[in-house]
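First the structure, in the form of structure tokens, and then the observations on it.
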Amino acid sequence: MAKKNGVEQMKKDVKKLVSEISEIPVGELKDEALFTEELGIDSMKALEIVAAVEKKFKVIIPEEQIPTLRSLKYVYELIKKLLKL
Amino acid sequence: MQKQLDLRKILPQTYPFLFIDKISHLDAEKQIITCIKNVSGNESYFQGHFPGNPVLPGVIIVEAMAQTSILLYAALKPGNMARKPVFFLGKIEAVFKKPVVPGDVLELNASSEKIIDTGGIVRVSAKVGASIVAEATLSFGVKLI
């Protein structure tokens, strides 16, 4: 139960960060929407998201993983892996 | 550990748009660099900014910060420098706290928030003596040929 809460909180926090950086309201962010093709998030904003996520969750996202973070869904999966949630 | 970097070989900018005079400290492991710009009254923009009251334009401080960021990138990604990278500024969030005038020695302290092959986010603090005169976070992209 605690683990599930941890995952849900993580998803909320990630979505909030992405919303702030992309200036897209949280309610309009779909987990499967592709950052570049559907949300208009360019590479500069993508890097800001990576940096913000690293700071928030105190993780380091390996550079080679960054191109794989194509939507919120992929970000959640990576953070879950890094935090062992 | 201090590495040697020849700033004139690394920075794509040249006179009259080179705003770093030297690298005074570099630690690639900690991902920090300190650069120095000596502010001379002979710099051309002081004639107009402002007549009788020379003040270093904030945009020049930002450019010096950007050039400091390029040097930090070069220190962290030395293998990329042979590929003639093109740097372009993407976003700046800056605060200017005190004016900088001829005679000041501007010390630019930069640390990496995140630097990857294709770009970076760098925090820079500009000081004159013990006073912080400006602070900024710069985001930039890098095109590798």
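Within each chain, counting starts at residue 1; across the structure tokens, chains are named A, B, ... in the order shown, with ligands numbered 1 upward in that order.
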
| said: List as a ChimeraX atom specification the protein and nucleic acid residues near segment 31-44 of chain B, meaning an atom at most 7 Å away when only C-alpha atoms are counted, but skip any in the same chain fewer than 4 places from it. | reply: /B:19-27,68,72,101-112

| Interface, chain A side, toward chain B (10 Å; only C-alpha atoms) as a ChimeraX atom specification | /A:43-45,47-48,50-52,54-55,60-64,66

Taking C-alpha atoms for each residue, export the selection above as a PDB file, in the first residue's frame.
```
ATOM      1  CA  SER A  43      14.912  19.659 -26.506  1.00  0.00           C
ATOM      2  CA  MET A  44      15.677  22.633 -24.277  1.00  0.00           C
ATOM      3  CA  LYS A  45      12.500  22.147 -22.233  1.00  0.00           C
ATOM      4  CA  LEU A  47      16.560  19.084 -20.587  1.00  0.00           C
ATOM      5  CA  GLU A  48      14.915  21.377 -18.038  1.00  0.00           C
ATOM      6  CA  VAL A  50      15.385  16.138 -16.739  1.00  0.00           C
ATOM      7  CA  ALA A  51      17.253  18.572 -14.481  1.00  0.00           C
ATOM      8  CA  ALA A  52      14.122  19.316 -12.440  1.00  0.00           C
ATOM      9  CA  GLU A  54      16.897  14.897 -10.924  1.00  0.00           C
ATOM     10  CA  LYS A  55      16.743  17.675  -8.345  1.00  0.00           C
ATOM     11  CA  ILE A  60      20.895  11.095 -11.774  1.00  0.00           C
ATOM     12  CA  ILE A  61      19.391  10.273 -15.129  1.00  0.00           C
ATOM     13  CA  PRO A  62      22.083   8.753 -17.349  1.00  0.00           C
ATOM     14  CA  GLU A  63      22.563  10.785 -20.514  1.00  0.00           C
ATOM     15  CA  GLU A  64      21.921   7.783 -22.752  1.00  0.00           C
ATOM     16  CA  ILE A  66      17.322  10.884 -21.937  1.00  0.00           C
TER      17      ILE A  66
END
```

| field | Distance in Å - atom CA of Val18 of chain A versus atom CA of Glu38 of chain A | value |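 Interatomic distance here is 13.8 Å.
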
| message | Ranking B:Ile145, B:Phe46, B:Leu18, B:Leu7 by minimum distance to Arg83 of chain B and counting only C-alpha atoms, which one comes first? | response |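 Among the listed residues, the smallest separation from Arg83 of chain B belongs to B:Ile145.
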